[in-house]
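Participant: If it helps, the file is called protein31.txt and holds compact mmCIF, C-alpha atoms:
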# COMPACT_ATOMS: atom_id res chain seq x y z
CA MET A 1 -26.42 -14.89 -5.62
CA LYS A 2 -25.71 -16.60 -8.94
CA LYS A 3 -22.33 -15.38 -10.16
CA LEU A 4 -18.90 -14.37 -8.83
CA VAL A 5 -16.49 -12.27 -10.91
CA LEU A 6 -12.83 -12.26 -9.85
CA ALA A 7 -10.70 -9.25 -10.74
CA THR A 8 -7.19 -9.64 -12.16
CA PRO A 9 -4.81 -8.17 -11.20
CA ARG A 10 -5.46 -8.40 -7.47
CA GLY A 11 -3.48 -9.22 -4.36
CA PHE A 12 0.25 -9.01 -3.79
CA CYS A 13 2.21 -6.43 -5.75
CA ALA A 14 5.93 -6.80 -6.41
CA GLY A 15 6.84 -4.58 -3.45
CA VAL A 16 4.79 -6.59 -0.97
CA ASP A 17 6.04 -9.88 -2.41
CA ARG A 18 9.61 -8.65 -2.04
CA ALA A 19 9.08 -7.47 1.55
CA ILE A 20 7.69 -10.81 2.69
CA HIS A 21 10.50 -12.68 0.95
CA VAL A 22 13.03 -10.43 2.70
CA VAL A 23 11.69 -11.62 6.06
CA GLU A 24 11.54 -15.27 5.03
CA LYS A 25 15.08 -15.23 3.59
CA ALA A 26 16.37 -13.43 6.68
CA ILE A 27 14.96 -16.22 8.86
CA GLU A 28 16.75 -18.79 6.69
CA LYS A 29 20.05 -16.93 6.79
CA PHE A 30 20.18 -15.50 10.31
CA GLY A 31 17.75 -17.66 12.29
CA THR A 32 15.27 -16.29 14.80
CA PRO A 33 14.38 -14.03 16.38
CA ILE A 34 14.19 -11.57 13.51
CA TYR A 35 12.84 -8.12 14.37
CA VAL A 36 10.58 -6.06 12.08
CA ARG A 37 9.81 -2.41 12.73
CA HIS A 38 6.05 -1.91 12.28
CA GLU A 39 3.91 -4.25 10.17
CA ILE A 40 5.98 -5.52 7.25
CA VAL A 41 2.86 -4.93 5.14
CA HIS A 42 -0.62 -3.90 6.22
CA ASN A 43 -2.20 -7.31 6.60
CA ARG A 44 -2.96 -9.10 9.86
CA PHE A 45 -2.81 -12.59 8.32
CA VAL A 46 0.69 -11.94 6.94
CA VAL A 47 1.87 -10.50 10.26
CA GLU A 48 0.48 -13.39 12.31
CA THR A 49 1.97 -15.95 9.91
CA LEU A 50 5.42 -14.38 10.27
CA LYS A 51 5.05 -14.19 14.06
CA SER A 52 4.48 -17.95 14.07
CA LYS A 53 7.84 -18.35 12.31
CA GLY A 54 9.74 -16.42 14.99
CA VAL A 55 9.42 -12.81 13.84
CA ILE A 56 9.05 -10.13 16.52
CA PHE A 57 7.30 -6.92 15.48
CA VAL A 58 8.28 -3.73 17.30
CA ASP A 59 7.14 -0.12 17.17
CA GLU A 60 10.62 1.42 17.33
CA VAL A 61 14.20 0.24 16.96
CA ASP A 62 15.04 0.97 20.61
CA GLU A 63 12.99 -2.16 21.40
CA VAL A 64 15.43 -4.30 19.40
CA PRO A 65 18.37 -5.81 21.34
CA GLU A 66 21.71 -4.34 20.29
CA GLY A 67 23.43 -6.26 17.51
CA SER A 68 20.23 -7.95 16.30
CA VAL A 69 18.80 -8.14 12.79
CA VAL A 70 16.02 -5.64 12.09
CA ILE A 71 13.93 -5.29 8.95
CA PHE A 72 12.25 -2.07 7.88
CA SER A 73 8.77 -2.41 6.39
CA ALA A 74 7.72 -2.00 2.76
CA HIS A 75 6.39 1.49 3.49
CA GLY A 76 9.81 3.10 3.90
CA VAL A 77 11.21 4.86 6.98
CA ALA A 78 12.52 8.26 7.99
CA GLU A 79 16.26 8.97 7.84
CA LYS A 80 16.34 9.16 11.63
CA ILE A 81 15.34 5.50 11.89
CA TYR A 82 18.45 4.43 9.99
CA ALA A 83 20.57 6.52 12.33
CA ASP A 84 18.86 5.07 15.41
CA ALA A 85 19.49 1.54 14.12
CA GLU A 86 23.16 2.29 13.47
CA ALA A 87 23.55 3.66 16.99
CA ARG A 88 22.31 0.32 18.36
CA TYR A 89 24.66 -1.66 16.08
CA LEU A 90 21.70 -3.32 14.39
CA LYS A 91 22.03 -5.20 11.13
CA VAL A 92 19.46 -3.51 8.90
CA LEU A 93 17.66 -5.25 6.05
CA ASP A 94 15.56 -2.74 4.16
CA ALA A 95 12.31 -4.12 2.74
CA SER A 96 11.17 -0.68 1.56
CA CYS A 97 9.39 -0.86 -1.77
CA PRO A 98 11.68 0.45 -4.54
CA LEU A 99 8.82 2.63 -5.79
CA VAL A 100 8.54 4.29 -2.37
CA LEU A 101 12.30 4.83 -2.32
CA ARG A 102 11.98 6.51 -5.70
CA VAL A 103 9.66 9.07 -4.07
CA HIS A 104 12.27 9.62 -1.34
CA TYR A 105 14.94 10.24 -3.98
CA SER A 106 12.65 12.74 -5.72
CA ALA A 107 12.07 14.61 -2.46
CA LYS A 108 15.81 14.90 -1.84
CA ARG A 109 16.49 15.96 -5.42
CA HIS A 110 13.93 18.77 -5.21
CA TYR A 111 15.21 19.84 -1.80
CA ASN A 112 18.80 19.98 -3.05
CA ALA A 113 17.59 22.11 -5.97
CA GLY A 114 16.14 24.60 -3.49
CA ARG A 115 12.48 23.77 -4.00
CA HIS A 116 9.76 23.55 -1.37
CA ILE A 117 7.91 20.24 -1.65
CA ILE A 118 4.18 19.53 -1.53
CA LEU A 119 3.39 15.92 -0.55
CA ILE A 120 -0.05 14.60 -1.49
CA GLY A 121 -0.94 11.86 0.98
CA HIS A 122 -2.72 10.76 4.12
CA ALA A 123 -1.42 12.05 7.45
CA GLY A 124 -0.28 9.28 9.78
CA HIS A 125 0.14 6.63 7.08
CA ALA A 126 3.44 4.77 7.46
CA GLU A 127 4.56 5.64 3.93
CA VAL A 128 3.83 9.33 4.42
CA GLU A 129 5.67 9.40 7.75
CA GLY A 130 8.70 7.85 6.07
CA THR A 131 8.64 10.37 3.23
CA LEU A 132 8.25 13.36 5.56
CA GLY A 133 11.22 12.06 7.53
CA GLN A 134 13.60 12.22 4.59
CA LEU A 135 14.19 15.96 4.97
CA PRO A 136 14.45 18.61 7.70
CA GLU A 137 11.17 19.65 9.30
CA GLY A 138 9.40 22.32 7.29
CA SER A 139 10.84 21.20 3.95
CA ILE A 140 7.66 19.35 2.98
CA THR A 141 4.04 20.45 3.27
CA LEU A 142 1.47 17.64 3.44
CA ILE A 143 -1.92 18.01 1.77
CA ARG A 144 -4.71 15.48 1.33
CA ASN A 145 -7.34 16.94 -1.00
CA GLU A 146 -8.40 19.82 -3.25
CA SER A 147 -9.67 21.80 -0.26
CA ASP A 148 -6.18 21.75 1.20
CA VAL A 149 -4.87 23.21 -2.06
CA LYS A 150 -7.21 26.20 -1.74
CA ASN A 151 -5.89 26.95 1.75
CA LEU A 152 -2.26 26.12 0.97
CA GLN A 153 0.36 28.67 1.97
CA VAL A 154 3.94 28.16 0.74
CA PRO A 155 7.25 29.91 1.50
CA ALA A 156 7.61 33.14 -0.49
CA GLY A 157 10.14 33.15 -3.28
CA LYS A 158 10.60 29.37 -3.34
CA GLU A 159 10.20 27.20 -6.41
CA LEU A 160 7.72 24.36 -5.83
CA ALA A 161 7.55 20.65 -6.57
CA TYR A 162 5.03 17.97 -5.67
CA ILE A 163 5.34 14.28 -4.86
CA THR A 164 2.67 11.77 -3.84
CA GLN A 165 2.00 8.76 -1.70
CA THR A 166 2.08 5.70 -3.98
CA THR A 167 -1.27 4.17 -2.98
CA LEU A 168 -3.79 6.97 -3.55
CA SER A 169 -6.86 7.14 -5.77
CA VAL A 170 -5.77 7.67 -9.36
CA ALA A 171 -8.72 9.95 -10.18
CA GLU A 172 -8.54 11.98 -6.97
CA THR A 173 -4.78 12.47 -7.28
CA ARG A 174 -5.23 13.76 -10.83
CA LYS A 175 -7.71 16.39 -9.60
CA ILE A 176 -5.41 17.49 -6.77
CA ILE A 177 -2.48 17.86 -9.18
CA GLU A 178 -4.65 19.90 -11.55
CA ALA A 179 -5.62 22.16 -8.64
CA LEU A 180 -1.98 22.60 -7.65
CA LYS A 181 -0.97 23.51 -11.21
CA ALA A 182 -3.84 25.99 -11.46
CA LYS A 183 -2.81 27.73 -8.24
CA PHE A 184 0.94 27.45 -8.77
CA PRO A 185 1.61 27.37 -12.55
CA GLY A 186 5.35 26.91 -12.06
CA ILE A 187 5.10 23.82 -9.84
CA ILE A 188 6.79 20.67 -11.17
CA GLY A 189 6.16 16.96 -10.64
CA PRO A 190 5.05 13.82 -12.48
CA ASP A 191 1.81 14.28 -14.43
CA ALA A 192 0.12 11.29 -12.77
CA GLY A 193 1.87 11.64 -9.43
CA ASP A 194 4.04 8.88 -7.98
CA LEU A 195 1.28 6.26 -7.85
CA CYS A 196 2.69 2.77 -8.19
CA TYR A 197 1.80 0.51 -11.10
CA ALA A 198 -0.10 -1.89 -8.83
CA THR A 199 -2.31 0.86 -7.42
CA GLY A 200 -3.32 1.98 -10.90
CA ASN A 201 -3.77 -1.55 -12.24
CA ARG A 202 -5.99 -2.71 -9.38
CA GLN A 203 -8.11 0.43 -9.49
CA SER A 204 -8.52 0.13 -13.26
CA ALA A 205 -9.59 -3.52 -12.96
CA VAL A 206 -12.09 -2.74 -10.19
CA LEU A 207 -13.49 0.22 -12.12
CA ASP A 208 -14.29 -2.05 -15.08
CA LEU A 209 -15.47 -4.81 -12.76
CA CYS A 210 -18.05 -2.53 -11.15
CA SER A 211 -20.00 -2.27 -14.42
CA LYS A 212 -20.47 -6.07 -14.36
CA VAL A 213 -21.58 -6.67 -10.76
CA ASP A 214 -24.21 -5.75 -8.17
CA MET A 215 -21.83 -5.68 -5.20
CA LEU A 216 -18.07 -5.41 -4.63
CA LEU A 217 -16.02 -7.24 -2.02
CA VAL A 218 -12.41 -6.21 -1.41
CA VAL A 219 -10.15 -8.38 0.73
CA GLY A 220 -7.71 -6.16 2.60
CA ALA A 221 -6.86 -4.61 5.94
CA LYS A 222 -8.71 -1.54 7.20
CA ASN A 223 -5.37 0.30 7.55
CA SER A 224 -4.33 -0.59 4.00
CA SER A 225 -4.57 2.58 1.93
CA ASN A 226 -4.69 0.86 -1.45
CA SER A 227 -7.36 -1.61 -0.27
CA SER A 228 -9.52 1.21 1.06
CA ARG A 229 -9.26 3.00 -2.28
CA LEU A 230 -10.62 -0.07 -4.09
CA MET A 231 -13.64 -0.26 -1.80
CA GLU A 232 -14.25 3.49 -2.15
CA LEU A 233 -14.08 3.15 -5.92
CA GLY A 234 -16.97 0.69 -5.80
CA LEU A 235 -19.01 3.06 -3.66
CA GLU A 236 -18.31 5.88 -6.11
CA GLN A 237 -19.70 3.67 -8.89
CA GLY A 238 -22.92 3.37 -6.94
CA ILE A 239 -22.78 -0.26 -5.83
CA PRO A 240 -22.65 -1.71 -2.29
CA SER A 241 -18.96 -2.25 -1.49
CA HIS A 242 -17.31 -3.86 1.53
CA LEU A 243 -13.69 -4.04 2.73
CA ILE A 244 -13.10 -7.27 4.62
CA ASP A 245 -10.07 -8.54 6.51
CA SER A 246 -11.10 -12.12 5.92
CA VAL A 247 -14.04 -14.45 5.36
CA ASP A 248 -15.02 -13.89 9.02
CA ASP A 249 -16.24 -10.38 8.16
CA LEU A 250 -18.81 -11.55 5.59
CA ASP A 251 -22.46 -10.92 6.41
CA MET A 252 -25.26 -12.87 4.73
CA ALA A 253 -27.50 -9.80 4.88
CA TRP A 254 -25.24 -8.11 2.32
CA PHE A 255 -26.32 -10.62 -0.32
CA ASP A 256 -30.07 -9.93 -0.22
CA ASP A 257 -31.24 -9.21 -3.80
CA ILE A 258 -27.66 -9.54 -5.09
CA GLU A 259 -27.11 -11.73 -8.16
CA THR A 260 -23.52 -10.95 -9.21
CA VAL A 261 -20.64 -10.25 -6.83
CA GLY A 262 -17.25 -8.80 -7.77
CA LEU A 263 -14.19 -9.79 -5.74
CA SER A 264 -10.78 -8.15 -5.60
CA SER A 265 -8.03 -7.71 -3.03
CA GLY A 266 -5.53 -5.09 -2.00
CA ALA A 267 -1.83 -5.25 -2.80
CA SER A 268 -0.97 -6.59 0.66
CA ALA A 269 -3.67 -9.29 0.83
CA PRO A 270 -2.57 -12.90 0.22
CA GLU A 271 -4.47 -14.97 -2.32
CA VAL A 272 -5.32 -17.60 0.30
CA LEU A 273 -7.75 -15.10 1.89
CA VAL A 274 -9.44 -14.52 -1.47
CA GLN A 275 -9.86 -18.24 -2.01
CA GLU A 276 -11.41 -18.62 1.44
CA VAL A 277 -14.06 -16.08 0.39
CA VAL A 278 -14.66 -18.04 -2.83
CA ASP A 279 -15.10 -21.24 -0.81
CA TRP A 280 -17.49 -19.50 1.60
CA LEU A 281 -19.64 -18.25 -1.26
CA LYS A 282 -19.75 -21.71 -2.81
CA ALA A 283 -20.78 -23.22 0.51
CA LYS A 284 -23.52 -20.66 1.09
CA PHE A 285 -24.94 -20.37 -2.44
CA GLY A 286 -24.18 -23.73 -4.03
CA SER A 287 -23.30 -23.98 -7.69
CA ILE A 288 -22.42 -20.41 -8.65
CA GLU A 289 -20.85 -19.34 -11.92
CA ILE A 290 -17.29 -18.06 -11.52
CA GLU A 291 -15.77 -15.70 -14.09
CA ASN A 292 -12.15 -14.52 -14.12
CA PHE A 293 -12.13 -10.94 -15.35
CA VAL A 294 -8.56 -10.28 -16.53
CA LYS A 295 -7.77 -6.61 -17.12
CA LEU A 296 -4.05 -7.34 -17.49
CA VAL A 297 -1.34 -9.68 -16.18
CA GLU A 298 1.49 -8.14 -14.17
CA SER A 299 5.08 -9.27 -14.53
CA THR A 300 7.00 -6.77 -12.37
CA LYS A 301 9.58 -8.26 -10.01
CA PHE A 302 11.97 -6.57 -7.55
CA ASN A 303 15.30 -8.03 -6.48
CA LEU A 304 16.02 -8.86 -2.86
CA PRO A 305 18.69 -6.88 -0.97
CA LYS A 306 22.21 -8.02 -1.88
CA GLU A 307 22.70 -9.52 1.59
CA LEU A 308 19.90 -12.02 0.88
CA GLN A 309 20.56 -12.88 -2.75
CA ASP A 310 21.75 -16.46 -3.31
Can the structure in the file be given as structure tokens, please?

Facilitator:
Amino acid sequence: MKKLVLATPRGFCAGVDRAIHVVEKAIEKFGTPIYVRHEIVHNRFVVETLKSKGVIFVDEVDEVPEGSVVIFSAHGVAEKIYADAEARYLKVLDASCPLVLRVHYSAKRHYNAGRHIILIGHAGHAEVEGTLGQLPEGSITLIRNESDVKNLQVPAGKELAYITQTTLSVAETRKIIEALKAKFPGIIGPDAGDLCYATGNRQSAVLDLCSKVDMLLVVGAKNSSNSSRLMELGLEQGIPSHLIDSVDDLDMAWFDDIETVGLSSGASAPEVLVQEVVDWLKAKFGSIEIENFVKLVESTKFNLPKELQD
């Protein structure tokens, strides 16, 4: 290996940055323990770091002692979760990404207008579960790919609308939307889906990066949808691509006959993990050339909840 090319933008998006700051500010204001339902973001390093500061992660709000502070993750939660928290007299701090909440608002708007909703997303993902839980069962039909569109049955006589998970493949989502419009010409929804700016920016940077490198490394958790999409994008471009939680996952065998490596990270991966990979590569391969490939510089910021603003 002779050269490393770092993609920009990479790493934390505004929604992830906000979510982590919600937890940190809550610790400052309310002390510990602070409870968080599910992983605040999909990254083990972030979760373990917050645990060391006194945060307790739970699967459901019934595990939180009555009257305690509970934070909902960046992925958004079902309406029922808010009700369950209120029943236990919990103080709720919502770290849901504003862009995910925008999808929730769209779902409710379409429902109130009498439309049946098609949600493009991955079954079981925390964000999808939260979106499905915004409306009564049966109001939203979940699909994942173009094949699902072919087999899709919808309620007779209902107008249709579509919404999407925010962290999908840009190219794949476009094809699914085209298939929906071809099958249901009257369906409405955003032309590019509800993909967040960070998803599109990171995929665009990696797509260009792939033409410059022999192999792609993506730092991110295996259960991180946006990180997985980056790795898959590299594979689609025909280069070896690996999704790694941390430097511990690196394998020297990957680097056989590789001269130039591209490195990016998912929207929930902290920069410290990227830098550890850079240091590992320097230690293993000596004096390598490092290039910063800047596709664009992001400036988006989201405000903290009012309860935590100074």

Participant: Could you give me, as CSV, every segment 1-23 of chain A residue with an atom at most 10 Å from segment 82-93 of chain A, plus its closest atom pair and distance in Å to one decimal, counting only C-alpha atoms, rows ordered by chain then number?

Facilitator:
residue,atom,partner,partner_atom,distance
A:Ala19,CA,A:Leu93,CA,9.9
A:Val22,CA,A:Leu93,CA,7.7
A:Val23,CA,A:Leu93,CA,8.7

Participant: With 8 Å as the threshold, what does the neighbourhood of (-4.2, -9.6, -13.9) contain in terms of residues, counting all atoms listed in the file? Coordinates are those of the file; answer as a ChimeraX atom specification.

Facilitator: /A:7-10,294-298

Participant: Could you tell me how far atom CA of Arg115 of chain A lies from atom CA of Cys196 of chain A, in Å and to one decimal?

Facilitator: 23.5 Å

Participant: Hey, what's within 6 Å of segment 140-145 of chain A if we count only C-alpha atoms and toss same-chain stuff fewer than 3 positions away? As a ChimeraX atom specification, please?

Facilitator: /A:117-122,148

Participant: Using only C-alpha atoms, pick whichever of A:Asn201, A:Ile163, A:Pro305, A:Ser299 has the shortest atom-to-atom distance to Phe72 of chain A.

Facilitator: A:Pro305

Participant: Quick check, in Å to one decimal: how far apart do atom CA of Gly130 of chain A and atom CA of Ser73 of chain A lie?

Facilitator: 10.3 Å

Participant: Please, what distance in Å, to one decimal, runs between atom CA of Leu207 of chain A and atom CA of Val100 of chain A?

Facilitator: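 Atom CA of Val100 of chain A lies 24.4 Å from atom CA of Leu207 of chain A.
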
Participant: Around (-9.2, -0.6, -3.8) in the file's frame, which residues reach within 10 Å when counting all atoms listed in the file? Return as a PyMOL selection string?

Facilitator: chain A and resi 10+167-169+199-200+202-207+217-220+224-234+243+264-267

Participant: Rank nothing, just name the residue among A:Gln153, A:Ser147, A:Gln165, A:Asn303 nearest to Val128 of chain A, using only C-alpha atoms.

Facilitator: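 Closest residue, counting only C-alpha atoms: A:Gln165.
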
Participant: Out of A:Arg102, A:Lys183, A:Lys108, A:Lys282, which residue has the shortest atom-to-atom distance to Gly76 of chain A when counting all atoms listed in the file?

Facilitator: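 Among A:Arg102, A:Lys183, A:Lys108, A:Lys282, it is A:Arg102 that comes nearest to Gly76 of chain A.
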
Participant: Give me the segment 203-284 of chain A side of the contact with segment 44-64 of chain A, cut-off 9 Å, one line per residue showing its nearest atom pair and distance in Å at one decimal, counting only C-alpha atoms, sorted by chain and residue number, as CSV.

Facilitator:
residue,atom,partner,partner_atom,distance
A:Ala221,CA,A:Arg44,CA,7.1
A:Asp245,CA,A:Arg44,CA,7.9
A:Ser246,CA,A:Phe45,CA,8.6
A:Ser268,CA,A:Val46,CA,8.4
A:Ala269,CA,A:Val46,CA,8.0
A:Pro270,CA,A:Val46,CA,7.5
A:Leu273,CA,A:Phe45,CA,8.5

Participant: Identify, on the basis of all atoms listed in the file, every residue whose closest approach to Val277 of chain A does not exceed 10 Å; exclude the query and any residue fewer than 6 positions from it along the same chain; express the result as a ChimeraX atom specification.

Facilitator: /A:217,219,244,246-250,263,283

Participant: Enclose all atoms of segment 62-78 of chain A listed in the file in an axis-aligned box, grow every side by 5 Å, and hand back centre and edge lengths in Å to one decimal, as AutoDock Vina command-line options.

Facilitator:
--center_x 14.9 --center_y 0.1 --center_z 12.1 --size_x 27.0 --size_y 26.4 --size_z 28.6

Participant: From the options A:Ser96, A:Val36, A:Gly11, A:Gly114, which residue's atoms come nearest to Leu304 of chain A, counting all atoms listed in the file?

Facilitator: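 Once distances to Leu304 of chain A are computed over all atoms listed in the file, the minimum belongs to A:Ser96.
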
Participant: Pick out the closest residue to Thr260 of chain A from this set: A:Pro240, A:Gly67, A:Pro33, A:Gly124. Count only C-alpha atoms.

Facilitator: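 The closest residue to Thr260 of chain A is A:Pro240.
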
Participant: Which residue out of A:Lys2, A:Lys212, A:Lys29, A:His116 has the minimum interatomic distance to Tyr162 of chain A when only C-alpha atoms are used?

Facilitator: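 Checking each candidate against Tyr162 of chain A, we get A:His116 as the closest.
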
Participant: Please complete segment 263-285 of chain A with N, CA and C atoms and give it back as a CSV table (one decimal), in the coordinates of the input.

Facilitator:
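Produced file part.csv, reproduced below:
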chain,number,residue,atom,x,y,z
A,263,LEU,N,-15.1,-9.5,-6.8
A,263,LEU,CA,-14.2,-9.8,-5.7
A,263,LEU,C,-12.8,-9.4,-6.2
A,264,SER,N,-12.2,-8.5,-5.4
A,264,SER,CA,-10.8,-8.2,-5.6
A,264,SER,C,-10.1,-8.2,-4.3
A,265,SER,N,-8.8,-7.8,-4.3
A,265,SER,CA,-8.0,-7.7,-3.0
A,265,SER,C,-6.9,-6.7,-3.2
A,266,GLY,N,-6.6,-6.1,-2.0
A,266,GLY,CA,-5.5,-5.1,-2.0
A,266,GLY,C,-4.2,-5.7,-2.2
A,267,ALA,N,-3.2,-4.8,-2.4
A,267,ALA,CA,-1.8,-5.2,-2.8
A,267,ALA,C,-1.1,-5.9,-1.7
A,268,SER,N,-1.6,-5.9,-0.5
A,268,SER,CA,-1.0,-6.6,0.7
A,268,SER,C,-1.8,-7.8,1.2
A,269,ALA,N,-2.8,-8.2,0.4
A,269,ALA,CA,-3.7,-9.3,0.8
A,269,ALA,C,-3.3,-10.6,0.1
A,270,PRO,N,-3.0,-11.6,0.9
A,270,PRO,CA,-2.6,-12.9,0.2
A,270,PRO,C,-3.7,-13.6,-0.5
A,271,GLU,N,-3.4,-14.3,-1.5
A,271,GLU,CA,-4.5,-15.0,-2.3
A,271,GLU,C,-5.2,-16.0,-1.5
A,272,VAL,N,-4.6,-16.6,-0.5
A,272,VAL,CA,-5.3,-17.6,0.3
A,272,VAL,C,-6.6,-17.0,0.9
A,273,LEU,N,-6.6,-15.7,1.3
A,273,LEU,CA,-7.8,-15.1,1.9
A,273,LEU,C,-8.9,-14.9,0.9
A,274,VAL,N,-8.5,-14.6,-0.4
A,274,VAL,CA,-9.4,-14.5,-1.5
A,274,VAL,C,-10.1,-15.9,-1.7
A,275,GLN,N,-9.3,-16.9,-1.8
A,275,GLN,CA,-9.9,-18.2,-2.0
A,275,GLN,C,-10.8,-18.7,-0.9
A,276,GLU,N,-10.5,-18.3,0.3
A,276,GLU,CA,-11.4,-18.6,1.4
A,276,GLU,C,-12.8,-18.0,1.2
A,277,VAL,N,-12.8,-16.8,0.7
A,277,VAL,CA,-14.1,-16.1,0.4
A,277,VAL,C,-14.8,-16.8,-0.7
A,278,VAL,N,-14.1,-17.3,-1.7
A,278,VAL,CA,-14.7,-18.0,-2.8
A,278,VAL,C,-15.3,-19.3,-2.3
A,279,ASP,N,-14.6,-20.0,-1.4
A,279,ASP,CA,-15.1,-21.2,-0.8
A,279,ASP,C,-16.3,-21.0,0.0
A,280,TRP,N,-16.3,-19.9,0.8
A,280,TRP,CA,-17.5,-19.5,1.6
A,280,TRP,C,-18.7,-19.3,0.7
A,281,LEU,N,-18.5,-18.5,-0.4
A,281,LEU,CA,-19.6,-18.2,-1.3
A,281,LEU,C,-20.2,-19.5,-1.9
A,282,LYS,N,-19.3,-20.4,-2.3
A,282,LYS,CA,-19.8,-21.7,-2.8
A,282,LYS,C,-20.6,-22.5,-1.8
A,283,ALA,N,-20.1,-22.5,-0.5
A,283,ALA,CA,-20.8,-23.2,0.5
A,283,ALA,C,-22.2,-22.6,0.8
A,284,LYS,N,-22.3,-21.3,0.7
A,284,LYS,CA,-23.5,-20.7,1.1
A,284,LYS,C,-24.5,-20.7,-0.1
A,285,PHE,N,-24.0,-20.6,-1.3
A,285,PHE,CA,-24.9,-20.4,-2.4
A,285,PHE,C,-24.9,-21.5,-3.5
